Each structure stands twice: as C-alpha cells, then as structure tokens.
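Shown below: target00.txt, with compact mmCIF, C-alpha atoms.
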# COMPACT_ATOMS: atom_id res chain seq x y z
CA MET Q 1 -40.61 -15.34 -2.65
CA SER Q 2 -43.50 -16.92 -0.80
CA LEU Q 3 -46.69 -17.83 -2.61
CA ARG Q 4 -48.48 -15.81 0.07
CA THR Q 5 -47.65 -12.79 -2.10
CA PHE Q 6 -50.41 -13.95 -4.46
CA CYS Q 7 -52.96 -14.72 -1.76
CA GLY Q 8 -54.26 -11.16 -1.54
CA HIS Q 9 -55.72 -11.56 -5.02
CA ARG Q 10 -59.45 -11.77 -5.29
CA VAL Q 11 -60.78 -15.29 -5.48
CA VAL Q 12 -64.33 -15.54 -6.70
CA THR Q 13 -66.02 -18.78 -5.65
CA ILE Q 14 -69.17 -20.57 -6.72
CA SER Q 15 -70.97 -23.71 -5.63
CA PRO Q 16 -70.96 -26.71 -8.03
CA GLU Q 17 -74.77 -26.74 -7.87
CA ARG Q 18 -75.16 -23.27 -9.38
CA SER Q 19 -76.12 -22.88 -13.05
CA ALA Q 20 -73.79 -21.95 -15.89
CA ALA Q 21 -75.85 -18.76 -16.36
CA GLU Q 22 -75.14 -17.73 -12.75
CA ALA Q 23 -71.44 -18.46 -13.32
CA CYS Q 24 -71.51 -16.09 -16.33
CA TRP Q 25 -73.15 -13.32 -14.38
CA LEU Q 26 -70.59 -13.68 -11.61
CA MET Q 27 -67.69 -13.56 -14.08
CA LYS Q 28 -69.13 -10.43 -15.64
CA GLU Q 29 -69.89 -8.70 -12.35
CA LYS Q 30 -66.46 -9.44 -10.86
CA ASN Q 31 -64.62 -9.01 -14.17
CA VAL Q 32 -62.82 -12.35 -13.92
CA GLY Q 33 -62.32 -15.17 -16.41
CA CYS Q 34 -62.35 -18.00 -13.93
CA LEU Q 35 -64.22 -19.09 -10.81
CA ILE Q 36 -63.10 -21.40 -8.04
CA VAL Q 37 -65.69 -24.08 -7.32
CA GLU Q 38 -65.97 -24.94 -3.64
CA HIS Q 39 -68.06 -27.56 -1.89
CA HIS Q 40 -68.35 -27.25 1.91
CA GLY Q 41 -65.46 -24.80 1.85
CA LYS Q 42 -63.10 -27.10 -0.04
CA LEU Q 43 -61.77 -26.65 -3.56
CA CYS Q 44 -63.45 -29.13 -5.91
CA GLY Q 45 -63.20 -27.51 -9.34
CA ILE Q 46 -62.36 -24.58 -11.54
CA ILE Q 47 -64.48 -23.09 -14.33
CA THR Q 48 -63.47 -20.60 -17.03
CA ASP Q 49 -65.28 -18.40 -19.54
CA ARG Q 50 -63.97 -20.72 -22.24
CA ASP Q 51 -65.62 -23.76 -20.54
CA ILE Q 52 -68.92 -21.90 -20.69
CA ALA Q 53 -68.53 -20.87 -24.33
CA LEU Q 54 -67.51 -24.32 -25.56
CA LYS Q 55 -69.29 -26.75 -23.23
CA VAL Q 56 -72.60 -24.90 -22.87
CA THR Q 57 -73.22 -22.63 -25.85
CA GLY Q 58 -71.10 -24.72 -28.24
CA GLU Q 59 -72.95 -27.89 -27.28
CA GLU Q 60 -76.33 -26.18 -27.38
CA LYS Q 61 -77.06 -26.80 -23.70
CA ASP Q 62 -79.39 -24.59 -21.69
CA PRO Q 63 -77.27 -22.38 -19.40
CA LEU Q 64 -80.10 -22.19 -16.87
CA THR Q 65 -80.32 -25.94 -16.37
CA THR Q 66 -76.64 -26.86 -16.91
CA MET Q 67 -74.86 -26.99 -13.57
CA VAL Q 68 -71.33 -25.77 -12.89
CA GLU Q 69 -70.31 -29.30 -11.82
CA GLU Q 70 -71.18 -30.65 -15.29
CA ILE Q 71 -68.73 -28.38 -17.09
CA MET Q 72 -66.02 -27.53 -14.54
CA THR Q 73 -62.57 -29.11 -14.43
CA SER Q 74 -62.85 -31.34 -11.36
CA ASN Q 75 -60.05 -31.66 -8.81
CA PRO Q 76 -57.85 -29.07 -10.54
CA VAL Q 77 -54.10 -28.85 -10.13
CA ARG Q 78 -53.39 -26.84 -6.96
CA ILE Q 79 -50.35 -25.81 -4.96
CA SER Q 80 -49.74 -25.63 -1.24
CA VAL Q 81 -48.97 -22.16 0.08
CA ASP Q 82 -45.73 -23.57 1.57
CA LYS Q 83 -44.24 -24.30 -1.86
CA ASP Q 84 -42.03 -21.88 -3.78
CA LEU Q 85 -42.03 -20.19 -7.20
CA PRO Q 86 -39.89 -22.76 -9.07
CA GLU Q 87 -42.30 -25.49 -7.94
CA LEU Q 88 -45.23 -23.41 -9.19
CA VAL Q 89 -43.61 -22.82 -12.58
CA SER Q 90 -42.78 -26.50 -12.90
CA LEU Q 91 -46.40 -27.41 -12.04
CA MET Q 92 -47.76 -25.03 -14.69
CA HIS Q 93 -45.33 -26.42 -17.25
CA THR Q 94 -46.03 -30.10 -16.50
CA HIS Q 95 -49.81 -29.78 -16.41
CA HIS Q 96 -50.19 -27.09 -19.08
CA VAL Q 97 -52.27 -24.87 -16.84
CA ARG Q 98 -52.07 -21.10 -16.50
CA ARG Q 99 -54.13 -20.68 -13.34
CA VAL Q 100 -53.32 -22.48 -10.10
CA PRO Q 101 -55.31 -22.20 -6.86
CA ILE Q 102 -53.16 -21.80 -3.73
CA VAL Q 103 -54.42 -23.89 -0.81
CA ASP Q 104 -53.57 -24.38 2.86
CA ASP Q 105 -53.12 -27.80 4.47
CA THR Q 106 -56.88 -28.12 5.11
CA GLY Q 107 -57.68 -27.67 1.41
CA LEU Q 108 -59.01 -24.13 1.81
CA THR Q 109 -58.34 -21.84 -1.18
CA LEU Q 110 -56.24 -18.85 -0.12
CA GLY Q 111 -55.69 -17.34 -3.55
CA ILE Q 112 -55.14 -18.02 -7.22
CA VAL Q 113 -51.98 -17.37 -9.18
CA THR Q 114 -51.89 -17.02 -12.95
CA LEU Q 115 -49.19 -17.15 -15.59
CA ASP Q 116 -49.90 -13.44 -16.18
CA ASP Q 117 -49.08 -12.70 -12.50
CA LEU Q 118 -45.74 -14.46 -12.92
CA ILE Q 119 -44.95 -12.71 -16.21
CA ALA Q 120 -45.75 -9.33 -14.64
CA LEU Q 121 -43.46 -10.15 -11.71
CA PHE Q 122 -40.60 -11.34 -13.92
CA GLY Q 123 -41.08 -8.32 -16.18
CA TYR Q 124 -40.66 -6.03 -13.21
CA GLU Q 125 -37.59 -7.93 -11.99
CA MET Q 126 -36.03 -7.88 -15.47
CA SER Q 127 -36.64 -4.16 -15.74
CA GLU Q 128 -34.93 -3.62 -12.37
CA LEU Q 129 -32.02 -5.81 -13.44
CA GLY Q 130 -31.77 -3.90 -16.72
CA ASN Q 131 -31.59 -0.62 -14.81
CA ALA Q 132 -28.92 -2.02 -12.50
CA VAL Q 133 -26.81 -3.12 -15.47
CA SER Q 134 -27.25 0.24 -17.27
CA GLU Q 135 -26.27 2.20 -14.16
CA GLY Q 136 -23.31 -0.11 -13.53
CA LEU Q 137 -22.04 0.54 -17.05
CA ARG Q 138 -22.43 4.31 -16.68
CA GLN Q 139 -20.55 4.36 -13.38
CA SER Q 140 -17.74 2.16 -14.56
CA PRO Q 141 -16.07 3.50 -17.74
CA ARG Q 142 -13.50 0.71 -17.58
CA ILE Q 143 -16.18 -1.95 -17.90
CA ALA Q 144 -18.05 0.08 -20.49
CA GLY Q 145 -14.82 0.46 -22.43
CA ALA Q 146 -14.13 -3.25 -22.19
CA CYS Q 147 -17.46 -3.99 -23.87
CA MET S 1 -37.84 -9.76 -37.71
CA SER S 2 -41.26 -9.64 -39.32
CA LEU S 3 -44.25 -9.55 -36.99
CA GLN S 4 -45.60 -12.64 -38.74
CA THR S 5 -42.76 -14.76 -37.39
CA TYR S 6 -44.14 -14.33 -33.86
CA CYS S 7 -47.51 -15.89 -34.72
CA ARG S 8 -47.75 -19.41 -33.33
CA LYS S 9 -51.34 -20.15 -34.26
CA PRO S 10 -53.12 -19.86 -37.61
CA VAL S 11 -55.74 -17.22 -38.27
CA VAL S 12 -59.23 -18.66 -38.30
CA ARG S 13 -61.64 -16.45 -40.22
CA ILE S 14 -65.38 -16.24 -39.92
CA SER S 15 -68.09 -14.23 -41.63
CA PRO S 16 -69.86 -11.69 -39.39
CA GLU S 17 -73.17 -13.24 -40.49
CA THR S 18 -72.32 -16.68 -39.07
CA ASN S 19 -74.18 -17.76 -35.94
CA ILE S 20 -72.55 -18.30 -32.54
CA THR S 21 -73.11 -22.06 -32.46
CA GLU S 22 -70.88 -22.36 -35.54
CA ALA S 23 -68.36 -19.90 -34.08
CA CYS S 24 -68.07 -22.10 -30.96
CA GLN S 25 -67.54 -25.20 -33.06
CA LEU S 26 -64.82 -23.43 -35.04
CA MET S 27 -63.04 -22.40 -31.82
CA LYS S 28 -63.25 -25.93 -30.46
CA GLN S 29 -62.08 -27.64 -33.68
CA ASN S 30 -59.09 -25.30 -34.00
CA ASN S 31 -58.34 -25.12 -30.27
CA ILE S 32 -58.28 -21.34 -30.29
CA GLY S 33 -59.96 -18.63 -28.22
CA CYS S 34 -60.52 -16.04 -30.88
CA LEU S 35 -61.83 -15.70 -34.44
CA ILE S 36 -61.19 -12.99 -37.00
CA ALA S 37 -64.30 -11.59 -38.65
CA GLU S 38 -63.72 -10.57 -42.25
CA GLN S 39 -66.06 -9.14 -44.82
CA LYS S 40 -65.02 -9.03 -48.48
CA GLY S 41 -61.50 -9.95 -47.42
CA LYS S 42 -61.16 -7.06 -44.99
CA LEU S 43 -60.82 -7.29 -41.22
CA CYS S 44 -64.02 -6.04 -39.58
CA GLY S 45 -64.10 -7.60 -36.11
CA ILE S 46 -62.74 -9.99 -33.55
CA VAL S 47 -64.69 -12.38 -31.33
CA THR S 48 -63.38 -14.33 -28.32
CA ASP S 49 -64.61 -17.21 -26.18
CA ARG S 50 -65.15 -14.69 -23.37
CA ASP S 51 -67.41 -12.57 -25.63
CA ILE S 52 -69.51 -15.68 -26.21
CA ALA S 53 -69.71 -16.58 -22.50
CA LEU S 54 -70.68 -13.06 -21.39
CA ARG S 55 -72.62 -11.65 -24.34
CA VAL S 56 -74.51 -14.78 -25.43
CA THR S 57 -74.68 -17.37 -22.64
CA GLY S 58 -74.78 -14.84 -19.79
CA ALA S 59 -77.15 -12.55 -21.67
CA ARG S 60 -79.52 -15.47 -22.36
CA ARG S 61 -79.39 -15.00 -26.12
CA ASP S 62 -80.08 -17.88 -28.47
CA PRO S 63 -76.72 -18.91 -30.02
CA ASP S 64 -78.47 -20.13 -33.18
CA LYS S 65 -80.06 -16.75 -33.76
CA THR S 66 -77.21 -14.53 -32.57
CA THR S 67 -74.55 -13.75 -35.15
CA VAL S 68 -70.86 -12.94 -34.79
CA LYS S 69 -71.64 -9.36 -35.85
CA ASP S 70 -73.99 -8.95 -32.84
CA ILE S 71 -71.28 -9.58 -30.25
CA MET S 72 -67.88 -9.03 -31.90
CA THR S 73 -65.58 -6.12 -31.16
CA PRO S 74 -65.93 -4.15 -34.41
CA ASP S 75 -62.92 -2.48 -36.07
CA PRO S 76 -60.42 -3.94 -33.63
CA ILE S 77 -56.95 -2.55 -33.01
CA ARG S 78 -54.67 -3.89 -35.75
CA ILE S 79 -51.07 -3.47 -36.83
CA SER S 80 -49.53 -3.18 -40.26
CA VAL S 81 -47.15 -5.97 -41.19
CA ASP S 82 -44.46 -3.32 -41.86
CA LYS S 83 -44.27 -2.24 -38.20
CA ASP S 84 -41.87 -3.68 -35.67
CA VAL S 85 -42.32 -5.41 -32.34
CA HIS S 86 -41.84 -2.18 -30.36
CA HIS S 87 -44.85 -0.67 -32.11
CA LEU S 88 -46.79 -3.80 -31.29
CA THR S 89 -45.99 -3.83 -27.56
CA ALA S 90 -46.76 -0.10 -27.34
CA LEU S 91 -50.11 -0.75 -29.00
CA MET S 92 -50.94 -3.63 -26.64
CA HIS S 93 -50.00 -1.50 -23.67
CA ALA S 94 -51.91 1.60 -24.79
CA TYR S 95 -55.11 -0.22 -25.71
CA HIS S 96 -54.99 -3.03 -23.12
CA VAL S 97 -55.36 -5.76 -25.73
CA ARG S 98 -53.53 -9.06 -25.81
CA ARG S 99 -54.36 -10.13 -29.36
CA VAL S 100 -53.60 -7.98 -32.38
CA PRO S 101 -54.37 -8.90 -36.00
CA ILE S 102 -51.54 -8.20 -38.44
CA VAL S 103 -52.82 -6.71 -41.70
CA ASN S 104 -51.45 -5.77 -45.10
CA GLY S 105 -52.14 -2.52 -47.01
CA PHE S 106 -55.56 -3.85 -48.07
CA ASP S 107 -56.61 -4.57 -44.46
CA THR S 108 -56.52 -8.31 -45.09
CA THR S 109 -55.48 -10.27 -42.02
CA LEU S 110 -52.12 -12.00 -42.44
CA GLY S 111 -51.79 -13.30 -38.90
CA ILE S 112 -52.73 -12.72 -35.30
CA VAL S 113 -50.10 -12.09 -32.66
CA THR S 114 -50.79 -12.50 -28.97
CA LEU S 115 -49.08 -11.46 -25.77
CA ASP S 116 -48.31 -15.16 -25.23
CA ASP S 117 -46.52 -15.30 -28.62
CA LEU S 118 -44.31 -12.38 -27.59
CA ILE S 119 -43.60 -13.87 -24.17
CA ALA S 120 -42.67 -17.21 -25.74
CA GLN S 121 -40.19 -15.50 -28.08
CA LEU S 122 -38.79 -13.37 -25.27
CA GLY S 123 -38.36 -16.51 -23.16
CA ASP S 124 -36.34 -18.16 -25.94
CA ASP S 125 -34.22 -15.03 -26.37
CA LEU S 126 -33.58 -14.72 -22.63
CA SER S 127 -32.62 -18.36 -22.43
CA GLU S 128 -30.03 -17.84 -25.20
CA ILE S 129 -28.69 -14.73 -23.44
CA GLY S 130 -28.49 -16.71 -20.19
CA LYS S 131 -26.47 -19.43 -21.93
CA ALA S 132 -24.13 -16.84 -23.47
CA ILE S 133 -23.50 -15.27 -20.05
CA SER S 134 -22.95 -18.67 -18.41
CA GLU S 135 -20.37 -19.56 -21.06
CA GLU S 136 -18.67 -16.20 -20.74
CA PHE S 137 -18.34 -16.66 -17.01
CA PRO S 138 -17.96 -20.39 -16.36
CA GLU S 139 -18.81 -21.55 -12.85
CA GLY S 140 -16.42 -20.21 -10.23
CA ASN S 141 -15.00 -17.43 -12.40
CA ALA S 142 -17.92 -15.03 -12.33
As a first step, turn the structure in this file into structure tokens.
Amino acid sequence: MSLRTFCGHRVVTISPERSAAEACWLMKEKNVGCLIVEHHGKLCGIITDRDIALKVTGEEKDPLTTMVEEIMTSNPVRISVDKDLPELVSLMHTHHVRRVPIVDDTGLTLGIVTLDDLIALFGYEMSELGNAVSEGLRQSPRIAGAC
Amino acid sequence: MSLQTYCRKPVVRISPETNITEACQLMKQNNIGCLIAEQKGKLCGIVTDRDIALRVTGARRDPDKTTVKDIMTPDPIRISVDKDVHHLTALMHAYHVRRVPIVNGFDTTLGIVTLDDLIAQLGDDLSEIGKAISEEFPEGNA
C-alpha cells in the first residue's frame, strides 16, 4: 500500500511566528491535536496540544507572546511519500513517534499519518482475514473436523 | 484476565480543587496525559493535556486561578473491575473514549486503561499466534 493513501487527510498548518494562543484556537476550530509548522512552504516543525499544555501553561508562559517556534518539535521525523508501510512502522518504532508527516522530494507536506490510522487499517484487515477464515471453515467440513 | 492487568501506567490522582499549573507539573513529572480527579476517595472527573490546551491556554484563563474542577470532564465513563475486556471495548466504541478508569464497588479508581494498552496486549497476542502458525506450517510446507 502506498503512503499516498494517507495524503487525503487534512493537514492543518501554522507559521512558526504565530502565537501559542493562535495554535490553540486553530486546534480547537479544526478539531485536531497537532499542527504542522511550515516556513516558506517547507516543513520545519510539529506542535501538539500536549506541547501547549506542558511548555506554555505548565511553565507559566504567556500564550499570547510565546511563539510556536519556541515550543514546537523542530525538524520532526518525516517520511517520503515513495516509502512503504513497513518503513513507516519501523520509523515510528525507532523514533517513538505516533504522528509522521508525509513529504514529497521538495520537502512539501502532503499529509500526516498517525499510529491510530495504522491501527484502524490493520483492524480492518484483521477483521477481513477473520471473516475469510470463518467462511473457509464453514465451507470445508473436513478442515473444520480436523481442528 | 482482570482489566487491571492491561494497565501499563499508574493512576495519578488529583483533587478537583487543585489549580491547573500544578496539574501540568503533575502530568510532566509522571509523563502522562491524563489525571484522575477524586473527591473523598471517589472518582469525580478526568482531565487531559488537551483539556488544558483548549480550555485554559486557548480560552485565555489564568492557570493559577483555574482549578481542575473548572475544566475536567465530570463523572467520566468508567468500568467496574469485575467486567471483561469485551465490555471495555464496547464502552470505548459506544462513547468514543480512549481512556477508561477502572473502579471498585466504592467508585475508587483502581487503574486506568487506554486504547493503547489494549492495542499493546493485542499486538503481543497476535505475535504469539503468528509464531504458533509459523511453527505449525514451517517454511515450504504451508
């Protein structure tokens, strides 16, 4: 399966020079937990609701004067759209990340893929496999009997 | 298998009267995204890092003057420790929640189980099943 499958997902972007308060409003309005930070159209960071809670409110900083670039994860782990699923899983495992931006060869963000997306996909595949096995057993009494 | 065996992280409790600055510090110290609010030993709410970002920071409230009670989800979905994992997944599905406190008959929180905990266990189980199938049908004989 190509990573392009995940590129239709909404990516919400913000500039690194915006305030943490604006990042919050955007997360709320778009109902997302993470924003892609882009500078001149290129991926430069990622910021989550947790970053805001812990690095702004938790450190008693003013959300109106704290900039996204001060609290974002800079140069986040990313994956080229040409790679495949096993490479993505391995990347998530190695770097302990659950959200990975998908980029093209110019560094433009095409989408974002999360661990939840992968779990949902595997869940669906497992359910289909389960159905195939159940139907196989029903149609083949010999095999069912052998179990 | 008791629901408590799925829990991979400890429960961190907080009083609903505590302010948000302290709640943030507690989340950071314990490396968790959610706190259980208890009053007189009974579960009364749940508060997450996202609640703090959206309902305090984004709402321009003062974290020193805002309390857990002001922003928590009161009376959250919970599950009795006597139930099984099928009840739990049905509950998560029906209510669209990914964290469920496990309580005893007195409504005291015994643990918190997350969707990630269930996935981790399922992953281990599937891996064992995969190994069993591979051994049953060694390479070339499948």
Can I get the residues of range 96-129 of chain Q within 9 Å of range 39-56 of chain Q, each with the closest pair of atoms and their distance in Å to one decimal, using all atoms listed in the file, sorted chain first then ascending number, as a Markdown table?
| residue | atom | partner | partner_atom | distance |
| --- | --- | --- | --- | --- |
| Q:Pro101 | CA | Q:Leu43 | CA | 8.5 |
| Q:Val103 | CA | Q:Leu43 | CA | 8.3 |
| Q:Thr106 | CA | Q:Lys42 | CA | 8.1 |
| Q:Gly107 | CA | Q:Lys42 | CA | 5.6 |
| Q:Leu108 | CA | Q:Lys42 | CA | 5.4 |
| Q:Thr109 | CA | Q:Leu43 | CA | 6.4 |
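For the pair CA of Ala59 in chain S and CA of Lys61 in chain Q, the interatomic distance is 14.4 Å.
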*Between CA of Thr89 in chain S and CA of Glu38 in chain S, distance in Å (one decimal)*: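 According to the coordinates, CA of Thr89 in chain S and CA of Glu38 in chain S are separated by 24.0 Å.
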Find the nearest atom pair between each residue of chain S and chain Q for residues within 7 Å, count all atoms listed in the file, give distances in Å to one decimal, sort rows by chain and ascending number, and present the table as JSON lines.
{"residue": "S:Thr21", "atom": "CA", "partner": "Q:Gly58", "partner_atom": "CA", "distance": 5.4}
{"residue": "S:Cys24", "atom": "CA", "partner": "Q:Gly58", "partner_atom": "CA", "distance": 4.8}
{"residue": "S:Gln25", "atom": "CA", "partner": "Q:Gly58", "partner_atom": "CA", "distance": 6.0}
{"residue": "S:Lys28", "atom": "CA", "partner": "Q:Leu54", "partner_atom": "CA", "distance": 6.7}
{"residue": "S:Asp49", "atom": "CA", "partner": "Q:Arg50", "partner_atom": "CA", "distance": 5.3}
{"residue": "S:Arg50", "atom": "CA", "partner": "Q:Asp49", "partner_atom": "CA", "distance": 5.3}
{"residue": "S:Ile52", "atom": "CA", "partner": "Q:Ala53", "partner_atom": "CA", "distance": 5.6}
{"residue": "S:Ala53", "atom": "CA", "partner": "Q:Ala53", "partner_atom": "CA", "distance": 4.8}
{"residue": "S:Leu54", "atom": "CA", "partner": "Q:Cys24", "partner_atom": "CA", "distance": 6.0}
{"residue": "S:Thr57", "atom": "CA", "partner": "Q:Thr57", "partner_atom": "CA", "distance": 6.3}
{"residue": "S:Gly58", "atom": "CA", "partner": "Q:Cys24", "partner_atom": "CA", "distance": 4.9}
{"residue": "S:Pro63", "atom": "CA", "partner": "Q:Thr57", "partner_atom": "CA", "distance": 6.6}
*Contacts of Gln39 in chain S at 9 Å or less, counting only C-alpha atoms, minus same-chain residues fewer than 2 places along, as a PyMOL selection string?*
chain S and resi 14-16+37+41-44
*Have a look at Q:Asn75, Q:Thr94, Q:Thr66, Q:Gln139 and name the one nearest to Ser19 in chain Q; count only C-alpha atoms.*
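The shortest atom-to-atom distance to Ser19 in chain Q comes from Q:Thr66.
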*Given the choices S:Ala90, S:Val97, S:Ala120, S:Gly111, which gets closest to Val12 in chain S if the distance is worked out from only C-alpha atoms?*
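The shortest atom-to-atom distance to Val12 in chain S comes from S:Gly111.
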_Residues within 6 Å of (-66.1, -28.2, -11.4), file coordinates, counting only C-alpha atoms: what are they? Give the list as number ranges by chain._
Q: 37, 45-46, 68-69, 72-74
*For CA of Ser127 in chain Q and CA of Leu122 in chain S, quote the distance in Å rounded to one decimal.*
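Interatomic distance here is 13.4 Å.
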*Which one is closest to Ala23 in chain S: S:Glu135, S:Asp64, S:Asp84, S:Asp124? Count only C-alpha atoms.*
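Answer, going by the shortest atom-to-atom distance: S:Asp64.
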*Close residues, Arg4 in chain Q itself excluded, 12 Å, all atoms listed in the file, min 4 positions apart in chain, as a VMD selection string*: chain Q and resid 8 to 9 79 to 85 101 to 104 109 to 113
